[in-house]
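Below is start31.pdb, which holds PDB, C-alpha atoms, pLDDT in the B column.
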```pdb
MODEL        1
ATOM      1  CA  MET F   1       2.992 -17.885  19.635  1.00 86.00           C
ATOM      2  CA  SER F   2       0.937 -17.570  16.457  1.00 92.00           C
ATOM      3  CA  VAL F   3       1.614 -14.758  14.007  1.00 93.00           C
ATOM      4  CA  THR F   4      -1.741 -13.240  14.968  1.00 95.00           C
ATOM      5  CA  GLU F   5      -0.627 -13.122  18.607  1.00 96.00           C
ATOM      6  CA  GLU F   6       2.797 -11.751  17.658  1.00 96.00           C
ATOM      7  CA  ILE F   7       1.160  -8.888  15.750  1.00 97.00           C
ATOM      8  CA  ARG F   8      -1.252  -8.189  18.590  1.00 97.00           C
ATOM      9  CA  THR F   9       1.461  -8.229  21.238  1.00 97.00           C
ATOM     10  CA  ALA F  10       3.776  -5.924  19.275  1.00 98.00           C
ATOM     11  CA  LEU F  11       1.042  -3.385  18.568  1.00 98.00           C
ATOM     12  CA  GLU F  12      -0.295  -3.365  22.126  1.00 98.00           C
ATOM     13  CA  LYS F  13       3.194  -2.763  23.450  1.00 98.00           C
ATOM     14  CA  ALA F  14       3.973   0.046  20.987  1.00 98.00           C
ATOM     15  CA  PHE F  15       0.695   1.968  20.887  1.00 98.00           C
ATOM     16  CA  SER F  16      -1.513   1.008  23.897  1.00 98.00           C
ATOM     17  CA  PRO F  17      -4.451   1.044  21.467  1.00 98.00           C
ATOM     18  CA  SER F  18      -8.010   1.882  22.490  1.00 98.00           C
ATOM     19  CA  GLU F  19      -9.185  -0.572  19.809  1.00 98.00           C
ATOM     20  CA  LEU F  20      -7.281  -3.377  18.148  1.00 98.00           C
ATOM     21  CA  GLU F  21      -8.484  -6.080  15.789  1.00 97.00           C
ATOM     22  CA  VAL F  22      -6.100  -8.521  14.144  1.00 97.00           C
ATOM     23  CA  VAL F  23      -7.845 -10.779  11.650  1.00 94.00           C
ATOM     24  CA  ASP F  24      -6.155 -13.646   9.841  1.00 92.00           C
ATOM     25  CA  ASP F  25      -7.729 -13.202   6.423  1.00 84.00           C
ATOM     26  CA  SER F  26      -5.601 -15.873   4.758  1.00 76.00           C
ATOM     27  CA  GLU F  27      -8.423 -18.256   3.919  1.00 72.00           C
ATOM     28  CA  ARG F  28     -10.006 -15.657   1.660  1.00 73.00           C
ATOM     29  CA  HIS F  29      -6.787 -15.684  -0.354  1.00 68.00           C
ATOM     30  CA  ARG F  30      -6.629 -19.479  -0.798  1.00 71.00           C
ATOM     31  CA  GLY F  31      -5.029 -20.228  -4.145  1.00 68.00           C
ATOM     32  CA  HIS F  32      -3.608 -16.712  -4.517  1.00 68.00           C
ATOM     33  CA  ALA F  33       0.068 -15.836  -4.420  1.00 65.00           C
ATOM     34  CA  GLY F  34       1.503 -16.077  -0.936  1.00 66.00           C
ATOM     35  CA  TYR F  35      -1.182 -18.383   0.423  1.00 68.00           C
ATOM     36  CA  GLN F  36       0.170 -21.101   2.642  1.00 70.00           C
ATOM     37  CA  GLU F  37      -1.596 -24.065   4.156  1.00 69.00           C
ATOM     38  CA  GLY F  38      -2.632 -23.253   7.722  1.00 69.00           C
ATOM     39  CA  GLY F  39      -3.090 -19.553   7.048  1.00 70.00           C
ATOM     40  CA  GLU F  40      -1.138 -16.828   8.857  1.00 75.00           C
ATOM     41  CA  SER F  41      -0.094 -15.155   5.610  1.00 78.00           C
ATOM     42  CA  HIS F  42      -2.724 -12.423   5.062  1.00 88.00           C
ATOM     43  CA  PHE F  43      -3.829 -10.122   7.869  1.00 93.00           C
ATOM     44  CA  ASN F  44      -6.225  -7.237   8.316  1.00 95.00           C
ATOM     45  CA  VAL F  45      -5.428  -4.952  11.220  1.00 97.00           C
ATOM     46  CA  ARG F  46      -7.699  -2.245  12.575  1.00 98.00           C
ATOM     47  CA  ILE F  47      -6.065  -0.098  15.225  1.00 98.00           C
ATOM     48  CA  ARG F  48      -7.079   3.074  17.063  1.00 98.00           C
ATOM     49  CA  SER F  49      -4.628   4.876  19.296  1.00 98.00           C
ATOM     50  CA  GLY F  50      -3.924   8.392  20.460  1.00 97.00           C
ATOM     51  CA  ALA F  51      -0.296   7.713  19.533  1.00 97.00           C
ATOM     52  CA  PHE F  52      -1.201   8.397  15.896  1.00 98.00           C
ATOM     53  CA  ALA F  53      -2.526  11.904  16.567  1.00 97.00           C
ATOM     54  CA  GLY F  54      -1.144  14.466  14.155  1.00 96.00           C
ATOM     55  CA  GLN F  55       0.637  11.884  11.988  1.00 97.00           C
ATOM     56  CA  SER F  56       0.230  11.612   8.216  1.00 96.00           C
ATOM     57  CA  ARG F  57      -1.084   8.390   6.703  1.00 96.00           C
ATOM     58  CA  ILE F  58       2.391   7.371   5.625  1.00 96.00           C
ATOM     59  CA  ALA F  59       3.848   8.121   9.070  1.00 97.00           C
ATOM     60  CA  ARG F  60       1.155   5.979  10.719  1.00 97.00           C
ATOM     61  CA  HIS F  61       1.842   3.051   8.444  1.00 97.00           C
ATOM     62  CA  ARG F  62       5.593   3.429   8.952  1.00 97.00           C
ATOM     63  CA  ALA F  63       5.088   3.449  12.736  1.00 97.00           C
ATOM     64  CA  VAL F  64       3.143   0.179  12.538  1.00 97.00           C
ATOM     65  CA  HIS F  65       5.747  -1.400  10.245  1.00 96.00           C
ATOM     66  CA  ALA F  66       8.479  -0.321  12.688  1.00 96.00           C
ATOM     67  CA  ALA F  67       6.595  -1.695  15.699  1.00 98.00           C
ATOM     68  CA  LEU F  68       6.170  -5.078  14.014  1.00 97.00           C
ATOM     69  CA  GLY F  69       9.808  -5.127  12.926  1.00 95.00           C
ATOM     70  CA  PRO F  70      11.356  -6.325   9.674  1.00 92.00           C
ATOM     71  CA  ASP F  71      11.380  -9.994  10.678  1.00 93.00           C
ATOM     72  CA  LEU F  72       7.652 -10.181  11.341  1.00 93.00           C
ATOM     73  CA  VAL F  73       6.777  -7.944   8.371  1.00 92.00           C
ATOM     74  CA  GLY F  74       8.955 -10.181   6.202  1.00 89.00           C
ATOM     75  CA  ARG F  75       7.018 -13.286   7.227  1.00 89.00           C
ATOM     76  CA  ILE F  76       3.622 -11.782   6.421  1.00 89.00           C
ATOM     77  CA  HIS F  77       2.634 -11.898   2.773  1.00 83.00           C
ATOM     78  CA  ALA F  78      -0.021  -9.208   2.987  1.00 86.00           C
ATOM     79  CA  LEU F  79      -0.937  -6.748   5.709  1.00 91.00           C
ATOM     80  CA  SER F  80      -3.930  -4.466   5.302  1.00 93.00           C
ATOM     81  CA  LEU F  81      -3.930  -1.587   7.786  1.00 96.00           C
ATOM     82  CA  ASP F  82      -6.789   0.599   8.978  1.00 97.00           C
ATOM     83  CA  ILE F  83      -5.165   3.122  11.326  1.00 97.00           C
ATOM     84  CA  GLY F  84      -6.837   5.916  13.242  1.00 97.00           C
ATOM     85  CA  GLU F  85      -6.799   7.969  16.410  1.00 95.00           C
TER      86      GLU F  85
ATOM     87  CA  MET A   1      23.089   4.479  -5.049  1.00 67.00           C
ATOM     88  CA  THR A   2      22.811   1.030  -6.553  1.00 77.00           C
ATOM     89  CA  ASP A   3      21.853   0.664 -10.204  1.00 92.00           C
ATOM     90  CA  ALA A   4      18.307  -0.265  -9.195  1.00 94.00           C
ATOM     91  CA  LYS A   5      17.925   2.801  -6.996  1.00 95.00           C
ATOM     92  CA  THR A   6      19.332   5.051  -9.709  1.00 96.00           C
ATOM     93  CA  LEU A   7      16.892   3.615 -12.219  1.00 97.00           C
ATOM     94  CA  ILE A   8      13.958   4.008  -9.811  1.00 98.00           C
ATOM     95  CA  ASP A   9      14.961   7.573  -9.019  1.00 98.00           C
ATOM     96  CA  GLU A  10      15.073   8.442 -12.712  1.00 98.00           C
ATOM     97  CA  THR A  11      11.761   6.711 -13.388  1.00 98.00           C
ATOM     98  CA  VAL A  12       9.774   8.433 -10.630  1.00 98.00           C
ATOM     99  CA  LYS A  13      11.280  11.837 -11.403  1.00 98.00           C
ATOM    100  CA  SER A  14      10.807  11.726 -15.165  1.00 98.00           C
ATOM    101  CA  ASN A  15       7.199  10.465 -15.111  1.00 98.00           C
ATOM    102  CA  ASP A  16       4.361  12.351 -13.403  1.00 98.00           C
ATOM    103  CA  VAL A  17       2.587   9.253 -12.083  1.00 98.00           C
ATOM    104  CA  VAL A  18       4.271   5.880 -11.581  1.00 98.00           C
ATOM    105  CA  LEU A  19       2.805   2.718 -10.102  1.00 98.00           C
ATOM    106  CA  TYR A  20       5.169  -0.053  -9.005  1.00 98.00           C
ATOM    107  CA  MET A  21       3.007  -3.135  -9.043  1.00 98.00           C
ATOM    108  CA  LYS A  22       2.870  -6.884  -9.422  1.00 96.00           C
ATOM    109  CA  GLY A  23       1.878  -7.472 -13.033  1.00 97.00           C
ATOM    110  CA  THR A  24       0.886  -4.761 -15.482  1.00 98.00           C
ATOM    111  CA  LYS A  25      -1.957  -2.265 -15.547  1.00 97.00           C
ATOM    112  CA  GLU A  26      -3.644  -4.432 -18.185  1.00 96.00           C
ATOM    113  CA  MET A  27      -2.998  -7.667 -16.285  1.00 96.00           C
ATOM    114  CA  PRO A  28      -2.333  -7.220 -12.566  1.00 96.00           C
ATOM    115  CA  GLN A  29      -0.988 -10.296 -10.753  1.00 93.00           C
ATOM    116  CA  CYS A  30      -2.084  -9.421  -7.224  1.00 90.00           C
ATOM    117  CA  GLY A  31      -5.326  -8.182  -5.699  1.00 90.00           C
ATOM    118  CA  PHE A  32      -3.742  -5.149  -4.039  1.00 93.00           C
ATOM    119  CA  SER A  33      -1.957  -4.039  -7.206  1.00 96.00           C
ATOM    120  CA  SER A  34      -5.150  -4.687  -9.115  1.00 96.00           C
ATOM    121  CA  ARG A  35      -7.148  -2.424  -6.839  1.00 96.00           C
ATOM    122  CA  VAL A  36      -4.834   0.569  -7.253  1.00 98.00           C
ATOM    123  CA  ALA A  37      -4.366   0.062 -11.006  1.00 98.00           C
ATOM    124  CA  GLY A  38      -8.142  -0.277 -11.291  1.00 97.00           C
ATOM    125  CA  VAL A  39      -8.700   3.079  -9.606  1.00 97.00           C
ATOM    126  CA  LEU A  40      -6.159   4.839 -11.838  1.00 98.00           C
ATOM    127  CA  ASN A  41      -7.511   3.146 -14.964  1.00 98.00           C
ATOM    128  CA  TYR A  42     -11.090   4.050 -14.080  1.00 97.00           C
ATOM    129  CA  MET A  43     -10.123   7.648 -13.320  1.00 98.00           C
ATOM    130  CA  GLY A  44      -8.428   7.842 -16.695  1.00 98.00           C
ATOM    131  CA  VAL A  45      -5.038   8.780 -15.239  1.00 98.00           C
ATOM    132  CA  ASP A  46      -2.095   8.600 -17.622  1.00 98.00           C
ATOM    133  CA  TYR A  47       0.497   6.662 -15.612  1.00 98.00           C
ATOM    134  CA  THR A  48       3.580   4.532 -16.004  1.00 98.00           C
ATOM    135  CA  ASP A  49       3.339   0.997 -14.649  1.00 98.00           C
ATOM    136  CA  VAL A  50       6.435  -0.918 -13.556  1.00 98.00           C
ATOM    137  CA  ASN A  51       6.045  -4.656 -13.102  1.00 98.00           C
ATOM    138  CA  VAL A  52       8.283  -5.618 -10.177  1.00 97.00           C
ATOM    139  CA  LEU A  53       7.802  -9.308 -10.927  1.00 96.00           C
ATOM    140  CA  ALA A  54       9.854  -8.795 -14.089  1.00 97.00           C
ATOM    141  CA  ASP A  55      12.962  -7.640 -12.196  1.00 96.00           C
ATOM    142  CA  ASP A  56      14.104  -8.866  -8.769  1.00 96.00           C
ATOM    143  CA  ALA A  57      16.485  -5.920  -8.352  1.00 96.00           C
ATOM    144  CA  ILE A  58      13.589  -3.467  -8.809  1.00 97.00           C
ATOM    145  CA  ARG A  59      11.298  -5.559  -6.625  1.00 96.00           C
ATOM    146  CA  GLN A  60      13.695  -5.223  -3.690  1.00 95.00           C
ATOM    147  CA  GLY A  61      15.026  -1.827  -4.757  1.00 97.00           C
ATOM    148  CA  ILE A  62      11.665  -0.092  -4.624  1.00 97.00           C
ATOM    149  CA  LYS A  63      11.165  -1.237  -1.016  1.00 95.00           C
ATOM    150  CA  ASP A  64      14.548   0.194  -0.063  1.00 94.00           C
ATOM    151  CA  TYR A  65      13.959   3.384  -2.057  1.00 96.00           C
ATOM    152  CA  SER A  66      10.815   4.329  -0.150  1.00 96.00           C
ATOM    153  CA  ASP A  67      11.549   2.407   3.062  1.00 93.00           C
ATOM    154  CA  TRP A  68       8.179   0.748   2.548  1.00 94.00           C
ATOM    155  CA  PRO A  69       7.851  -3.039   2.755  1.00 92.00           C
ATOM    156  CA  THR A  70       4.980  -3.693   0.393  1.00 93.00           C
ATOM    157  CA  ILE A  71       3.869  -3.370  -3.213  1.00 95.00           C
ATOM    158  CA  PRO A  72       2.020  -1.638  -4.890  1.00 97.00           C
ATOM    159  CA  GLN A  73       3.586   1.802  -4.427  1.00 98.00           C
ATOM    160  CA  LEU A  74       2.301   4.963  -6.081  1.00 98.00           C
ATOM    161  CA  TYR A  75       4.508   7.960  -6.888  1.00 98.00           C
ATOM    162  CA  VAL A  76       3.335  11.377  -8.046  1.00 98.00           C
ATOM    163  CA  LYS A  77       5.947  13.875  -9.272  1.00 98.00           C
ATOM    164  CA  GLY A  78       8.707  11.854  -7.633  1.00 97.00           C
ATOM    165  CA  GLU A  79       7.000  11.695  -4.237  1.00 97.00           C
ATOM    166  CA  PHE A  80       5.880   8.428  -2.661  1.00 98.00           C
ATOM    167  CA  VAL A  81       2.140   8.663  -1.967  1.00 98.00           C
ATOM    168  CA  GLY A  82       1.341   5.286  -0.458  1.00 97.00           C
ATOM    169  CA  GLY A  83       0.324   1.682  -0.955  1.00 97.00           C
ATOM    170  CA  CYS A  84      -3.027   0.019  -1.468  1.00 96.00           C
ATOM    171  CA  ASP A  85      -4.637   0.960   1.861  1.00 97.00           C
ATOM    172  CA  ILE A  86      -3.593   4.611   1.635  1.00 97.00           C
ATOM    173  CA  ILE A  87      -4.601   5.012  -2.006  1.00 98.00           C
ATOM    174  CA  THR A  88      -7.971   3.422  -1.266  1.00 97.00           C
ATOM    175  CA  GLU A  89      -8.560   5.787   1.658  1.00 96.00           C
ATOM    176  CA  MET A  90      -7.423   8.811  -0.362  1.00 97.00           C
ATOM    177  CA  THR A  91      -9.675   7.845  -3.273  1.00 97.00           C
ATOM    178  CA  LEU A  92     -12.733   7.615  -1.046  1.00 97.00           C
ATOM    179  CA  SER A  93     -11.943  10.815   0.876  1.00 96.00           C
ATOM    180  CA  GLY A  94     -11.232  12.845  -2.274  1.00 97.00           C
ATOM    181  CA  GLU A  95      -7.629  13.529  -1.221  1.00 97.00           C
ATOM    182  CA  LEU A  96      -6.348  11.729  -4.309  1.00 98.00           C
ATOM    183  CA  ASP A  97      -8.336  14.122  -6.536  1.00 98.00           C
ATOM    184  CA  THR A  98      -6.750  17.047  -4.688  1.00 98.00           C
ATOM    185  CA  LEU A  99      -3.271  15.589  -5.005  1.00 98.00           C
ATOM    186  CA  PHE A 100      -3.685  15.075  -8.752  1.00 98.00           C
ATOM    187  CA  ALA A 101      -5.197  18.535  -9.230  1.00 98.00           C
ATOM    188  CA  GLU A 102      -2.383  20.205  -7.286  1.00 98.00           C
ATOM    189  CA  ASN A 103       0.208  18.400  -9.377  1.00 97.00           C
ATOM    190  CA  GLY A 104      -1.433  19.072 -12.724  1.00 97.00           C
ATOM    191  CA  VAL A 105      -2.300  15.414 -13.315  1.00 98.00           C
ATOM    192  CA  ALA A 106      -5.379  15.044 -15.524  1.00 98.00           C
ATOM    193  CA  PHE A 107      -8.130  12.741 -14.281  1.00 98.00           C
ATOM    194  CA  ASP A 108     -11.840  12.157 -14.754  1.00 98.00           C
ATOM    195  CA  LYS A 109     -13.573  13.780 -11.783  1.00 97.00           C
ATOM    196  CA  ASP A 110     -16.927  12.171 -12.650  1.00 97.00           C
ATOM    197  CA  ALA A 111     -15.335   8.724 -12.587  1.00 97.00           C
ATOM    198  CA  ALA A 112     -13.782   9.452  -9.196  1.00 97.00           C
ATOM    199  CA  ASP A 113     -17.197  10.562  -7.903  1.00 97.00           C
ATOM    200  CA  LYS A 114     -18.725   7.326  -9.211  1.00 97.00           C
ATOM    201  CA  ILE A 115     -16.174   5.289  -7.245  1.00 96.00           C
ATOM    202  CA  ARG A 116     -17.147   7.220  -4.105  1.00 97.00           C
ATOM    203  CA  GLU A 117     -20.877   6.809  -4.764  1.00 96.00           C
ATOM    204  CA  ALA A 118     -20.444   3.067  -5.258  1.00 95.00           C
ATOM    205  CA  ASN A 119     -18.551   2.797  -1.949  1.00 92.00           C
ATOM    206  CA  ALA A 120     -20.634   5.216   0.115  1.00 86.00           C
TER     207      ALA A 120
ENDMDL
END
```

Serialized structure, structure tokens:
Amino acid sequence: MSVTEEIRTALEKAFSPSELEVVDDSERHRGHAGYQEGGESHFNVRIRSGAFAGQSRIARHRAVHAALGPDLVGRIHALSLDIGE
Amino acid sequence: MTDAKTLIDETVKSNDVVLYMKGTKEMPQCGFSSRVAGVLNYMGVDYTDVNVLADDAIRQGIKDYSDWPTIPQLYVKGEFVGGCDIITEMTLSGELDTLFAENGVAFDKDAADKIREANA
């Protein structure tokens, strides 16, 4: 399973999102720190789920980090999150 | 607490605004750190920058301190505010202005408005 699919699977399971986009943005970071050949290092995630209702920005980000787990988070160089209800 | 955590705790509590980043505010070494430092620089905020690339113990220690896996990390009056995504959102929504105002941190309101106009 690709990292993109791992992220998608983990977030779908945790939040049953109404919208979910997982974009491998690695190519845009070619030559920057953390870039690796083949991509899968830099990701942009846009997620919308009722599960985030009433949560602060930090709580939302923490919930996503927790859903992905330390192993997956550790393998991703950069993760940009756009989280909403 | 470990030495690194003790040092971090002292740093964030004895300085009003602290940015843990890759590189320095004059020469950021990462696009995400650069974006947050750029906002603070442009808004004329007086802040302390800590280059995590200069110290592996701090680089790991700051992640443990806040239970937050990424850098940059912004602290105001000892409280963790967020990373690049959160600071960007708070800049554009005006929440960062409010946070600074409530904590007595001086900043250039006109500059903050210009950032919002440019990103409207």

I'd like to see the residues matched by the PyMOL selection byres ((chain A) within 9 of (chain F)) on this file, and ideally I'd get them as a list of chain:residue names.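 What the PyMOL selection byres ((chain A) within 9 of (chain F)) grabs from the file is A:Gln29, A:Cys30, A:Gly31, A:Phe32, A:Asp67, A:Trp68, A:Pro69, A:Thr70, A:Val81, A:Gly82, A:Gly83, A:Cys84, A:Asp85, A:Ile86.
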
Have a look at F:Arg75, F:Gly54, F:Gly84, F:Leu68 and name the one nearest to Leu20 (chain F); count only C-alpha atoms.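 The shortest atom-to-atom distance to Leu20 (chain F) comes from F:Gly84.
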
Two-atom distance - CA of Ser41 (chain F), CA of Met27 (chain A) (Å):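 Computed distance, CA of Ser41 (chain F) to CA of Met27 (chain A), equals 23.3 Å.
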
Between CA of Tyr47 (chain A) and CA of Asn15 (chain A), what distance in Å does the model show, to one decimal?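 Answer for the CA of Tyr47 (chain A) to CA of Asn15 (chain A) separation: 7.7 Å.
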
Separating CA of Asp110 (chain A) from CA of Lys25 (chain A), to the nearest tenth of an Å, is a gap of 21.0 Å

Residues within 8 Å of Ala51 (chain F), all atoms listed in the file, excluding chain neighbours under 2 positions, as number ranges by chain: F: 15, 49, 53, 85

Decode the PyMOL selection byres ((chain F and resi 22) around 6) for the given file into explicit residues and return them as a short mmCIF file (atom, residue, chain, number, x, y, z; two decimals) with C-alpha atoms, in the coordinates of the input.
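And here is the file that came out, part_34.cif:
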```cif
data_model
loop_
_atom_site.label_atom_id
_atom_site.label_comp_id
_atom_site.auth_asym_id
_atom_site.auth_seq_id
_atom_site.Cartn_x
_atom_site.Cartn_y
_atom_site.Cartn_z
CA GLU F 21 -8.48 -6.08 15.79
CA VAL F 23 -7.84 -10.78 11.65
CA ASN F 44 -6.22 -7.24 8.32
CA VAL F 45 -5.43 -4.95 11.22
#
```

What would the selection look like, as a PyMOL selection string, if the PyMOL selection byres ((chain A and resi 115) around 9) were run on the coordinates I just shared? chain A and resi 39+42-43+91-92+110-114+116-120

Have a look at A:Asp97, A:Asp108, A:Glu89, A:Glu10 and name the one nearest to Asn41 (chain A); count only C-alpha atoms.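 Closest to Asn41 (chain A), using only C-alpha atoms: A:Asp108.
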
Would you please work out which residue, of A:Leu74, A:Ile87, A:Tyr20, A:Lys13, is nearest to Gly61 (chain A) when using only C-alpha atoms?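 Smallest separation from Gly61 (chain A) among the options: A:Tyr20.
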
Every residue with an atom at most 12 Å from (13.1, 0.8, -15.9) (file coordinates; only C-alpha atoms) is what I'm after, so could you write them as a PyMOL selection string? chain A and resi 3-12+14-15+18-20+48-52+54-55+57-59+61-62

For region 36-53 of chain F, supply N, CA and C atoms and report the output as an mmCIF file, in the frame of the given file.
```cif
data_model
loop_
_atom_site.group_PDB
_atom_site.id
_atom_site.type_symbol
_atom_site.label_atom_id
_atom_site.label_comp_id
_atom_site.auth_asym_id
_atom_site.auth_seq_id
_atom_site.Cartn_x
_atom_site.Cartn_y
_atom_site.Cartn_z
ATOM 1 N N GLN F 36 -0.486 -19.892 2.160
ATOM 2 C CA GLN F 36 0.170 -21.101 2.642
ATOM 3 C C GLN F 36 -0.835 -21.894 3.454
ATOM 4 N N GLU F 37 -0.696 -23.184 3.415
ATOM 5 C CA GLU F 37 -1.596 -24.065 4.156
ATOM 6 C C GLU F 37 -1.500 -23.720 5.642
ATOM 7 N N GLY F 38 -2.646 -23.607 6.306
ATOM 8 C CA GLY F 38 -2.632 -23.253 7.722
ATOM 9 C C GLY F 38 -2.808 -21.769 7.976
ATOM 10 N N GLY F 39 -2.817 -20.984 6.911
ATOM 11 C CA GLY F 39 -3.090 -19.553 7.048
ATOM 12 C C GLY F 39 -1.891 -18.775 7.550
ATOM 13 N N GLU F 40 -2.169 -17.693 8.283
ATOM 14 C CA GLU F 40 -1.138 -16.828 8.857
ATOM 15 C C GLU F 40 -0.263 -16.161 7.801
ATOM 16 N N SER F 41 -0.846 -15.837 6.670
ATOM 17 C CA SER F 41 -0.094 -15.155 5.610
ATOM 18 C C SER F 41 -0.692 -13.785 5.289
ATOM 19 N N HIS F 42 -2.030 -13.665 5.396
ATOM 20 C CA HIS F 42 -2.724 -12.423 5.062
ATOM 21 C C HIS F 42 -3.461 -11.912 6.302
ATOM 22 N N PHE F 43 -3.205 -10.666 6.660
ATOM 23 C CA PHE F 43 -3.829 -10.122 7.869
ATOM 24 C C PHE F 43 -4.486 -8.772 7.608
ATOM 25 N N ASN F 44 -5.602 -8.560 8.277
ATOM 26 C CA ASN F 44 -6.225 -7.237 8.316
ATOM 27 C C ASN F 44 -6.101 -6.733 9.752
ATOM 28 N N VAL F 45 -5.568 -5.539 9.896
ATOM 29 C CA VAL F 45 -5.428 -4.952 11.220
ATOM 30 C C VAL F 45 -6.211 -3.646 11.275
ATOM 31 N N ARG F 46 -7.014 -3.515 12.313
ATOM 32 C CA ARG F 46 -7.699 -2.245 12.575
ATOM 33 C C ARG F 46 -7.224 -1.768 13.935
ATOM 34 N N ILE F 47 -6.623 -0.592 13.965
ATOM 35 C CA ILE F 47 -6.065 -0.098 15.225
ATOM 36 C C ILE F 47 -6.445 1.363 15.432
ATOM 37 N N ARG F 48 -6.780 1.696 16.673
ATOM 38 C CA ARG F 48 -7.079 3.074 17.063
ATOM 39 C C ARG F 48 -6.233 3.399 18.280
ATOM 40 N N SER F 49 -5.482 4.486 18.179
ATOM 41 C CA SER F 49 -4.628 4.876 19.296
ATOM 42 C C SER F 49 -4.328 6.365 19.225
ATOM 43 N N GLY F 50 -4.283 6.981 20.378
ATOM 44 C CA GLY F 50 -3.924 8.392 20.460
ATOM 45 C C GLY F 50 -2.493 8.641 20.000
ATOM 46 N N ALA F 51 -1.697 7.581 19.961
ATOM 47 C CA ALA F 51 -0.296 7.713 19.533
ATOM 48 C C ALA F 51 -0.179 8.187 18.085
ATOM 49 N N PHE F 52 -1.260 8.018 17.310
ATOM 50 C CA PHE F 52 -1.201 8.397 15.896
ATOM 51 C C PHE F 52 -1.659 9.833 15.643
ATOM 52 N N ALA F 53 -2.024 10.535 16.721
ATOM 53 C CA ALA F 53 -2.526 11.904 16.567
ATOM 54 C C ALA F 53 -1.508 12.778 15.834
#
```
